[in-house]
Structures are given as structure tokens and as C-alpha cells.
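Working notes, structure below.
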Amino acid sequence: MMQPIDLKTNITTQLPEELVAFLQATGHDTAITGEPLYLVGGAVRDLFMGKSSFDLDLVTEGDAIALAQRLASTEGSPVTFHPRFQTARLLWRRWQIDIARTRSETYTYPGALPTVSPGGIETDLGRRDFTINAMAVALEPGRFGELLDCHRGLADLKQGLIRVLHPASFTDDATRIWRALRYEQRFGFHLEETTGLLLKQNIPRLDTISGDRIHYELECILKEEAPEKVLARAQELGVLAHLHPALHTGADLGGRFAAARASTAPQAPPENLYMALLTYPLSTREVEGLISFLHLRKNLARTLYDLALLRERQPNLARPEITPSQVYSELHGQAPEAIQALYLAAENPVARGNVRLYLDKLRYVKPSLTGDDLQKMGLAPGPRMKEILDELRLARLNGEINGRREEEILARRLLIG
Ligand code: CTP
């Protein structure tokens with residue numbers, strides 16, 4: 001019999017010591033109750049690729065909820081349960097650990113959420129998306145690190161292939177189409193030939209998937225290192241049009257995404273900016289439709305809507321005779337990421353230059369006189385005060401007045417008038 005592949009060394013060298021100890025102790029715990037425990041999915045794939053995942057998926061052939069409860073209670077770790085699906089999510093120190101009961105999944109109709117029933121580890125691996133994600137590692141003492149690879153995932157990983165486990169995979173769950181492209185581009189892999197054909201055949205099924213599920217896939221894509229590659233591939237295969245028929249990546253989405261990455265701080269991920277750049281070709285009406293289909297959060301929805309408005313008003317910003325105060329009025333009050341996206345995507349160089357001027361300079365211009373100063377000059381607080389401060393700002397923006405003295409003169413004139 002062939003010697004099983006042992007991943008013990010990968011685990012102990014690639015994962016932090018405390019996490020290895022956690023996995024060993026948990027494997028021991030479940031062995032006592034006679035319920036084998038496995039590490040599955042992306043974490044196993046990543047162990048072979050020399051990467052360490054910080055999100056782990058564990059499956060047990062026993063009671064997943066009771067196991068999660070025991071693990072959570074030892075350190076008082078936060079945990080959420082889904083007893084109906086026999087799954088739990090544990091936040092153990094810095095790690096997110098999903099624990100599930102091994103199960104089979106059946107789909108009552110294409111695009112439906114699966115109906116779940118208990119099954120052993122092999123059944124559980126057989127319900128998964130791609131062979132490279134369908135490997136497991138035993139965690140019980142004595143077998144700790146032993147690989148279970150019933151679908152030749154390791155061979156596909158070595159050959160760089162994304163392969164479905166069975167012909168109905170994309171029919172069962174069309175979100176796997178987006179997942180396939182995400183892994184293909186992340187790892188520089190290829191769709192195995194039959195998988196590629198099945199994927200293409202099932203593209204129309206994306207229209208049966210709920211907006212929330214598509215939104216989740218899109219979020220995963222935008223968290224990738226180079227989401228533009230996934231989107232370009234999605235366009236090439238005709239997948240992107242099923243997100244919205246008016247979307248297209250154009251010649252320069254890659255350049256714009258790279259500029260978006262460069263312009264955001266590491267602690268402020270560029271996902272919203274990416275989304276704005278992606279939806280740039282859409283009209284306000286089309287954007288409204290996409291926002292409501294994907295159930296986008298208020299903040300992002302506002303950014304996308306403001307950008308669509310700005311894009312439609314771009315000719316105003318492109319007028320050669322436009323004054324700085326008019327540039328200011330066009331852009332002031334719009335969502336900051338919409339303005340940034342407009343700068344990165346604007347086709348017209350004059351408009352683009354004006355957005356740059358606003359971002360670098362105009363947005364910071366304000367009068368040196370304050371409400372207090374105007375009160376000292378005899379003006380009672382009220383809407384007129386804001387109007388005068390706004391007029392002072394516009395005059396400063398256009399260079400019509402300079403310095404505090406000239407502001408005072410103009411303010412006095414406005415107070416009388
Ligand atoms: N899975 C699946 N079909 C899906 C989603 C997930 O079969 N539509 C399975 C895969 O086996 C996958 C596992 O569930 O490996 C966990 O899913 P997820 O956390 O989304 O992916 P990871 O494998 O952790 O990969 P990633 O690196 O993208 O997070």
C-alpha cells in the first residue's frame with residue numbers, strides 16, 4: 001500500500017506554534033470522543049503552496065456544535081453557532097476557525113442553497129468546488145498531518161489546474177464560476193479543459209443567483225491582490241456581463257486599479273475605490289439597479305451614485321473657461337472616493353486636471369474670517385452668515401481676494417448689500 005503523504009512538517013513549519021498546539025489539542029480532544037477531526041479546504045491547499053492561511057476550516061465526523069462550545073469555553077473565545085447546518089465560527093486569538101460537521105449537500109433546484117445531511121469525510125470532500133480545495137488533513141494523534149486526497153487535488157495543484165469534481169458542480173452552484181476565475185488568476189492556474197467547457201455552458205445560470213451571494217463573490221474578488229485580472233478574465237468569458245450588461249473592463253482597468261492601490265494607505269483597503277472604478281461605465285439609472293440588486297451598504301452606494309452623477313457632469317468640468325470656484329462647486333460635497341475614482345478614470349484631460357486641482361488645492365481653501373469674526377462685525381448667527389462665508393470662499397478660490405484684510409472689506413460690502 002502506498003505510504004500516505006504526511007503534511008506534519010508543513011503544518012509545524014508554516015503555521016504559528018500556538019496554532020499548531022491548538023490543532024494538536026483539538027485533534028486529541030475529538031479522538032477521545034471517537035469523532036475524527038480534519039483540516040480541510042483552502043488551508044490544506046495553501047500548506048502545499050508554502051503559504052499560511054489565517055482562516056481555518058475544520059470538519060468533524062461528530063458533533064461540531066459541542067466541539068465548538070468546548071473550544072470556545074477554554075479561553076472564553078467568541079463563537080457563533082448555526083445548529084441547523086451544524087456549523088460554528090470560532091474566533092480563537094487572532095484566527096477565525098470554522099468548524100462544521102462533515103456532510104453531504106444536495107440542491108433542490110439550481111442556484112438554491114444546499115440541503116445538508118450528515119456524511120463521512122469522503123462525502124464531505126465530494127461536495128466541494130474544485131479538486132485543489134477538496135483535500136483534508138487528519139488531526140487526530142497518530143495520524144496528525146496525514147493527507148486525504150480522494151480527488152487527486154495534489155496532482156492538479158502540481159499541474160496548476162482548476163478542476164471540478166463532477167459535471168453538475170456549476171449547475172449546483174453557479175457562484176463557483178466566479179470562484180474558479182478567482183483561483184485561476186490568483187495562482188496563475190488554468191481551467192482544466194472539461195471544467196472550462198462546463199463553466200462556459202453554465203454562465204447563464206449566474207442569473208439565478210441572489211444578489212447577496214453575487215455580492216459576496218465580488219467582495220472576495222476585490223480582496224485579491226490583483227482583482228483586475230479576475231475581472232478581465234470574467235469579461236473575456238462573458239461572465240462580467242451577467243453582473244451587469246453595461247460593465248466592461250476597458251483597456252485600462254488594470255492601470256486604474258494599480259493607481260487605486262498606490263493611492264490608498266495599507267490600513268484603508270481600496271475595495272470601495274475598486275468598485276467605483278468597475279462601475280464607472282454605468283449611468284445613474286444602471287448604478288441604482290446594481291446597488292439595489294447587490295444590496296450595497298449605504299456608504300458604498302453613495303460613492304457609486306455620486307460617481308455616476310459626476311461622470312455624467314464631466315463635460316462641465318472639461319470647459320476650458322471653468323473657474324476654480326465652479327470646479328469647487330461641482331465637486332464639493334460628493335463622496336470622497338467618488339472624486340478619487342473620477343480622477344483615476346476621467347477620459348477628458350481638462351476634467352481630470354480640474355479634479356486634480358480640487359484634490360490638491362481647492363478643497364482646502366477656506367476664508368480666514370470665521371462666524372465669530374462676522375458676529376463681531378455685527379451679523380447675527382443665521383443662514384446669512386453661511387452665505388457670506390461661502391461667498392468669501394468662492395472669492396478666495398478665484399483669487400479675487402487675498403488675505404484677511406481683503407476678506408474683511410468684501411464681508412463689510414456683503415453685510416451692507
Ligand atoms: N466551497 C465549495 N463551494 C463553494 C464555496 C466553498 O465547495 N461555493 C468549499 C471549498 O472546499 C472551499 C471551502 O468550502 O475550500 C471553504 O470556502 P472558502 O472559505 O470560501 O474558501 P477557501 O478554500 O478558504 O479559499 P480562499 O483562499 O479563497 O479563502
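All residue names refer to the C-alpha cells as shown: chains lettered A, B, ... in order, residues numbered from 1 in each chain, ligands numbered from 1 in order.
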>> Residues within 7 Å of range 60-68 of chain A, please, as a VMD selection string. Count only C-alpha atoms; anything in the same chain fewer than 4 positions from it doesn't count.
In response: chain A and resid 35 to 38 72 81 83 86 to 88 90 99 to 102 120 to 121
Once you have the residues from the selection above, write them out as an mmCIF file, in the first residue's frame, restricted to C-alpha atoms.
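Contents of again16.cif, as written:
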```cif
data_model
loop_
_atom_site.group_PDB
_atom_site.id
_atom_site.type_symbol
_atom_site.label_atom_id
_atom_site.label_comp_id
_atom_site.auth_asym_id
_atom_site.auth_seq_id
_atom_site.Cartn_x
_atom_site.Cartn_y
_atom_site.Cartn_z
ATOM 1 C CA GLU A 35 -15.050 11.695 16.302
ATOM 2 C CA PRO A 36 -12.234 12.228 13.791
ATOM 3 C CA LEU A 37 -11.241 15.807 13.021
ATOM 4 C CA TYR A 38 -9.778 17.183 9.785
ATOM 5 C CA ALA A 72 -14.758 28.431 22.996
ATOM 6 C CA PHE A 81 -23.421 28.778 16.040
ATOM 7 C CA PRO A 83 -27.139 24.489 14.708
ATOM 8 C CA GLN A 86 -24.106 22.038 12.293
ATOM 9 C CA THR A 87 -21.535 24.777 11.790
ATOM 10 C CA ALA A 88 -19.843 27.227 14.124
ATOM 11 C CA LEU A 90 -14.830 30.493 16.494
ATOM 12 C CA ILE A 99 -15.987 24.168 12.475
ATOM 13 C CA ALA A 100 -18.541 22.020 10.670
ATOM 14 C CA ARG A 101 -19.929 18.546 10.764
ATOM 15 C CA THR A 102 -18.890 16.530 7.723
ATOM 16 C CA GLY A 120 -18.408 10.994 6.418
ATOM 17 C CA ILE A 121 -15.242 12.852 5.433
#
```
Open item on the list: With DSSP run on the backbone, what are the helix (DSSP H, G or I) residues within range 29-214 of chain A? I'd like them as a PyMOL selection string.
Closed with: chain A and resi 29-32+42-48+64-75+83-85+121-126+131-133+153-159+169-172+175-187+193-208+211-214
Could you pull out the residues sitting within 9 Å of ligand 1, using only C-alpha atoms and all ligand atoms, and write them as a VMD selection string? chain A and resid 40 to 46 53 55 to 57 98 124 to 135 169 173 to 177 179 182 to 183 217 220 to 221 224
Spatial neighbours of Asp156 in chain A, max dist 12 Å, only C-alpha atoms, sep filter under 2 positions, as a list in words: Arg45, Phe48, Phe130, Thr131, Ile132, Asn133, Ala134, Met135, Asp149, His151, Arg152, Gly153, Leu154, Lys158, Gln159, Gly160, Leu161, Ile162, Arg163, Val164, Leu165, Phe189, His190, Leu191 and Glu192 of chain A
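Distance check against Leu415 in chain A using only C-alpha atoms: of A:Ile401, A:Ala395, A:Leu379, A:Ala180, the minimum falls on A:Leu379.
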**OP:** List every residue of range 117-167 of chain A that DSSP, applied to the backbone of this structure, places in strand (DSSP E or B), and write the result as a PyMOL selection string.
**Re:** chain A and resi 117-118+130+136-138+146-148+161-162+164
Can you write out the residues you just picked, keeping N, CA and C atoms, as a PDB file, in the first residue's frame?
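Wrote selection.pdb, looks like this:
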```pdb
ATOM      1  N   SER A 117     -27.122  17.112   4.853  1.00  0.00           N
ATOM      2  CA  SER A 117     -27.345  15.961   5.738  1.00  0.00           C
ATOM      3  C   SER A 117     -25.988  15.356   6.110  1.00  0.00           C
ATOM      4  N   PRO A 118     -25.892  14.742   7.317  1.00  0.00           N
ATOM      5  CA  PRO A 118     -24.585  14.252   7.770  1.00  0.00           C
ATOM      6  C   PRO A 118     -24.005  13.202   6.822  1.00  0.00           C
ATOM      7  N   PHE A 130     -13.620  22.518  -6.125  1.00  0.00           N
ATOM      8  CA  PHE A 130     -12.537  22.139  -7.036  1.00  0.00           C
ATOM      9  C   PHE A 130     -11.611  21.152  -6.342  1.00  0.00           C
ATOM     10  N   ALA A 136      -8.033  16.952   2.553  1.00  0.00           N
ATOM     11  CA  ALA A 136      -8.159  17.085   4.010  1.00  0.00           C
ATOM     12  C   ALA A 136      -6.894  16.568   4.676  1.00  0.00           C
ATOM     13  N   VAL A 137      -6.651  17.044   5.878  1.00  0.00           N
ATOM     14  CA  VAL A 137      -5.520  16.559   6.667  1.00  0.00           C
ATOM     15  C   VAL A 137      -6.055  16.081   8.017  1.00  0.00           C
ATOM     16  N   ALA A 138      -5.719  14.837   8.359  1.00  0.00           N
ATOM     17  CA  ALA A 138      -6.191  14.289   9.638  1.00  0.00           C
ATOM     18  C   ALA A 138      -5.477  14.995  10.791  1.00  0.00           C
ATOM     19  N   GLU A 146      -1.701  13.551   8.227  1.00  0.00           N
ATOM     20  CA  GLU A 146      -1.893  12.622   7.109  1.00  0.00           C
ATOM     21  C   GLU A 146      -2.881  13.197   6.077  1.00  0.00           C
ATOM     22  N   LEU A 147      -2.477  13.145   4.813  1.00  0.00           N
ATOM     23  CA  LEU A 147      -3.307  13.751   3.746  1.00  0.00           C
ATOM     24  C   LEU A 147      -4.374  12.787   3.231  1.00  0.00           C
ATOM     25  N   LEU A 148      -5.570  13.301   3.044  1.00  0.00           N
ATOM     26  CA  LEU A 148      -6.659  12.553   2.393  1.00  0.00           C
ATOM     27  C   LEU A 148      -6.949  13.263   1.087  1.00  0.00           C
ATOM     28  N   LEU A 161      -3.995  23.207 -12.231  1.00  0.00           N
ATOM     29  CA  LEU A 161      -5.308  23.056 -12.866  1.00  0.00           C
ATOM     30  C   LEU A 161      -6.460  23.282 -11.888  1.00  0.00           C
ATOM     31  N   ILE A 162      -7.466  24.000 -12.360  1.00  0.00           N
ATOM     32  CA  ILE A 162      -8.712  24.151 -11.618  1.00  0.00           C
ATOM     33  C   ILE A 162      -9.684  23.152 -12.230  1.00  0.00           C
ATOM     34  N   VAL A 164     -13.332  20.810 -11.606  1.00  0.00           N
ATOM     35  CA  VAL A 164     -14.499  20.477 -10.778  1.00  0.00           C
ATOM     36  C   VAL A 164     -14.505  18.991 -10.461  1.00  0.00           C
TER      37      VAL A 164
END
```
Taking 4 positions as the minimum chain separation for residues in the same chain, which residues sit within 8 Å of range 274-281 of chain A when counting only C-alpha atoms? Answer as a list in words. Leu222, Ala246, Leu247, His248, Thr249, Leu253, Arg256, Phe257, Ala260, Pro270, Val287, Thr303, Leu304, Leu307, Ala308, Arg311, Glu337, Ala338, Ala341, Leu344 and Ala345 of chain A
Once you have the residues from the selection above, write them out as a compact mmCIF listing (two decimals), in the first residue's frame, restricted to all heavy atoms.
```
# COMPACT_ATOMS: atom_id res chain seq x y z
N LEU A 222 -12.56 41.43 -4.93
CA LEU A 222 -11.94 42.74 -4.72
C LEU A 222 -10.92 42.72 -3.58
O LEU A 222 -10.14 43.65 -3.43
CB LEU A 222 -13.01 43.81 -4.48
CG LEU A 222 -13.96 44.03 -5.67
CD1 LEU A 222 -14.97 45.12 -5.37
CD2 LEU A 222 -13.22 44.36 -6.96
N ALA A 246 -23.87 46.38 -18.88
CA ALA A 246 -23.13 47.58 -19.33
C ALA A 246 -21.71 47.63 -18.77
O ALA A 246 -20.96 48.57 -19.07
CB ALA A 246 -23.90 48.84 -18.93
N LEU A 247 -21.33 46.64 -17.97
CA LEU A 247 -19.97 46.68 -17.40
C LEU A 247 -18.94 46.22 -18.42
O LEU A 247 -19.20 45.28 -19.17
CB LEU A 247 -19.87 45.76 -16.18
CG LEU A 247 -20.52 46.22 -14.89
CD1 LEU A 247 -20.33 45.16 -13.81
CD2 LEU A 247 -19.91 47.54 -14.43
N HIS A 248 -17.81 46.87 -18.45
CA HIS A 248 -16.69 46.36 -19.26
C HIS A 248 -15.40 46.86 -18.62
O HIS A 248 -15.36 47.92 -18.01
CB HIS A 248 -16.82 46.81 -20.72
CG HIS A 248 -16.86 48.30 -20.87
ND1 HIS A 248 -15.73 49.05 -20.95
CD2 HIS A 248 -17.90 49.16 -20.91
CE1 HIS A 248 -16.07 50.33 -21.05
NE2 HIS A 248 -17.38 50.42 -21.03
N THR A 249 -14.37 46.05 -18.77
CA THR A 249 -13.12 46.40 -18.08
C THR A 249 -12.31 47.41 -18.89
O THR A 249 -11.41 48.03 -18.35
CB THR A 249 -12.26 45.16 -17.80
OG1 THR A 249 -12.00 44.52 -19.04
CG2 THR A 249 -12.96 44.19 -16.88
N LEU A 253 -8.47 49.24 -17.13
CA LEU A 253 -8.91 48.99 -15.75
C LEU A 253 -7.73 48.59 -14.86
O LEU A 253 -7.63 49.01 -13.72
CB LEU A 253 -10.01 47.92 -15.70
CG LEU A 253 -10.72 47.88 -14.35
CD1 LEU A 253 -11.68 49.05 -14.21
CD2 LEU A 253 -11.48 46.57 -14.15
N ARG A 256 -5.85 51.60 -13.75
CA ARG A 256 -6.62 52.36 -12.75
C ARG A 256 -6.62 51.65 -11.40
O ARG A 256 -6.52 52.29 -10.36
CB ARG A 256 -8.05 52.54 -13.23
CG ARG A 256 -8.15 53.46 -14.44
CD ARG A 256 -9.55 53.46 -15.00
NE ARG A 256 -9.61 54.22 -16.23
CZ ARG A 256 -10.66 54.28 -17.01
NH1 ARG A 256 -11.75 53.61 -16.70
NH2 ARG A 256 -10.65 54.99 -18.11
N PHE A 257 -6.75 50.33 -11.44
CA PHE A 257 -6.72 49.58 -10.17
C PHE A 257 -5.34 49.71 -9.51
O PHE A 257 -5.24 49.85 -8.30
CB PHE A 257 -7.05 48.10 -10.41
CG PHE A 257 -8.53 47.79 -10.32
CD1 PHE A 257 -9.47 48.66 -10.84
CD2 PHE A 257 -8.97 46.62 -9.71
CE1 PHE A 257 -10.84 48.38 -10.76
CE2 PHE A 257 -10.33 46.34 -9.62
CZ PHE A 257 -11.27 47.21 -10.15
N ALA A 260 -5.18 52.93 -7.94
CA ALA A 260 -6.02 52.95 -6.73
C ALA A 260 -5.26 52.34 -5.55
O ALA A 260 -5.26 52.87 -4.44
CB ALA A 260 -7.31 52.18 -6.98
N PRO A 270 -8.54 49.26 -0.70
CA PRO A 270 -9.13 50.02 -1.82
C PRO A 270 -10.41 49.42 -2.37
O PRO A 270 -10.82 49.79 -3.46
CB PRO A 270 -8.02 49.96 -2.87
CG PRO A 270 -7.28 48.72 -2.58
CD PRO A 270 -7.42 48.41 -1.13
N VAL A 287 -26.58 52.25 -12.24
CA VAL A 287 -25.94 52.10 -10.94
C VAL A 287 -26.98 51.86 -9.85
O VAL A 287 -26.81 51.02 -8.97
CB VAL A 287 -25.05 53.34 -10.65
CG1 VAL A 287 -25.17 53.81 -9.25
CG2 VAL A 287 -23.61 53.02 -10.95
N THR A 303 -21.17 56.40 -2.82
CA THR A 303 -19.98 56.61 -3.65
C THR A 303 -20.28 56.30 -5.12
O THR A 303 -19.97 57.08 -6.01
CB THR A 303 -18.82 55.71 -3.15
OG1 THR A 303 -18.49 56.12 -1.84
CG2 THR A 303 -17.60 55.80 -4.03
N LEU A 304 -20.92 55.16 -5.36
CA LEU A 304 -21.16 54.75 -6.74
C LEU A 304 -22.15 55.70 -7.42
O LEU A 304 -21.99 56.06 -8.59
CB LEU A 304 -21.71 53.32 -6.80
CG LEU A 304 -20.83 52.22 -6.17
CD1 LEU A 304 -21.34 50.85 -6.57
CD2 LEU A 304 -19.37 52.37 -6.55
N LEU A 307 -20.49 59.02 -8.16
CA LEU A 307 -19.57 58.90 -9.30
C LEU A 307 -20.34 58.92 -10.62
O LEU A 307 -19.92 59.57 -11.58
CB LEU A 307 -18.73 57.63 -9.18
CG LEU A 307 -17.78 57.39 -10.35
CD1 LEU A 307 -16.76 58.51 -10.48
CD2 LEU A 307 -17.07 56.05 -10.20
N ALA A 308 -21.47 58.20 -10.65
CA ALA A 308 -22.26 58.18 -11.88
C ALA A 308 -22.73 59.60 -12.22
O ALA A 308 -22.69 60.01 -13.39
CB ALA A 308 -23.44 57.23 -11.73
N ARG A 311 -19.75 61.55 -13.47
CA ARG A 311 -19.36 61.15 -14.83
C ARG A 311 -20.27 61.82 -15.85
O ARG A 311 -19.82 62.34 -16.86
CB ARG A 311 -19.44 59.64 -14.98
CG ARG A 311 -18.82 59.14 -16.27
CD ARG A 311 -19.02 57.66 -16.41
NE ARG A 311 -20.42 57.35 -16.66
CZ ARG A 311 -20.90 56.93 -17.83
NH1 ARG A 311 -20.08 56.75 -18.84
NH2 ARG A 311 -22.17 56.66 -17.97
N GLU A 337 -14.48 59.09 -2.21
CA GLU A 337 -13.98 58.02 -3.10
C GLU A 337 -14.52 58.18 -4.52
O GLU A 337 -13.91 57.70 -5.47
CB GLU A 337 -14.31 56.64 -2.53
CG GLU A 337 -13.28 56.24 -1.47
CD GLU A 337 -13.75 55.15 -0.56
OE1 GLU A 337 -14.97 55.10 -0.28
OE2 GLU A 337 -12.90 54.35 -0.12
N ALA A 338 -15.68 58.84 -4.65
CA ALA A 338 -16.22 59.09 -6.00
C ALA A 338 -15.32 60.09 -6.71
O ALA A 338 -15.02 59.94 -7.90
CB ALA A 338 -17.65 59.61 -5.91
N ALA A 341 -12.12 58.35 -7.67
CA ALA A 341 -12.35 57.46 -8.81
C ALA A 341 -12.49 58.27 -10.09
O ALA A 341 -11.98 57.87 -11.14
CB ALA A 341 -13.59 56.59 -8.58
N LEU A 344 -9.15 59.08 -11.33
CA LEU A 344 -8.44 57.94 -11.93
C LEU A 344 -9.04 57.52 -13.28
O LEU A 344 -8.35 56.95 -14.10
CB LEU A 344 -8.44 56.75 -10.97
CG LEU A 344 -7.67 56.95 -9.66
CD1 LEU A 344 -7.89 55.78 -8.72
CD2 LEU A 344 -6.18 57.10 -9.94
N ALA A 345 -10.35 57.79 -13.48
CA ALA A 345 -11.00 57.23 -14.66
C ALA A 345 -11.40 58.26 -15.72
O ALA A 345 -11.71 57.86 -16.84
CB ALA A 345 -12.24 56.44 -14.22
```
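Minimum distance to Arg84 in chain A across A:Gln314, A:Thr106, A:Thr115, A:Thr208 (counting only C-alpha atoms) occurs at A:Thr115.
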Expressed in Å, the length from CA of His82 in chain A to CA of Asp212 in chain A is 18.7 Å
As a check of understanding: the span from CA of Asp372 in chain A to CA of Leu397 in chain A is 21.5 Å
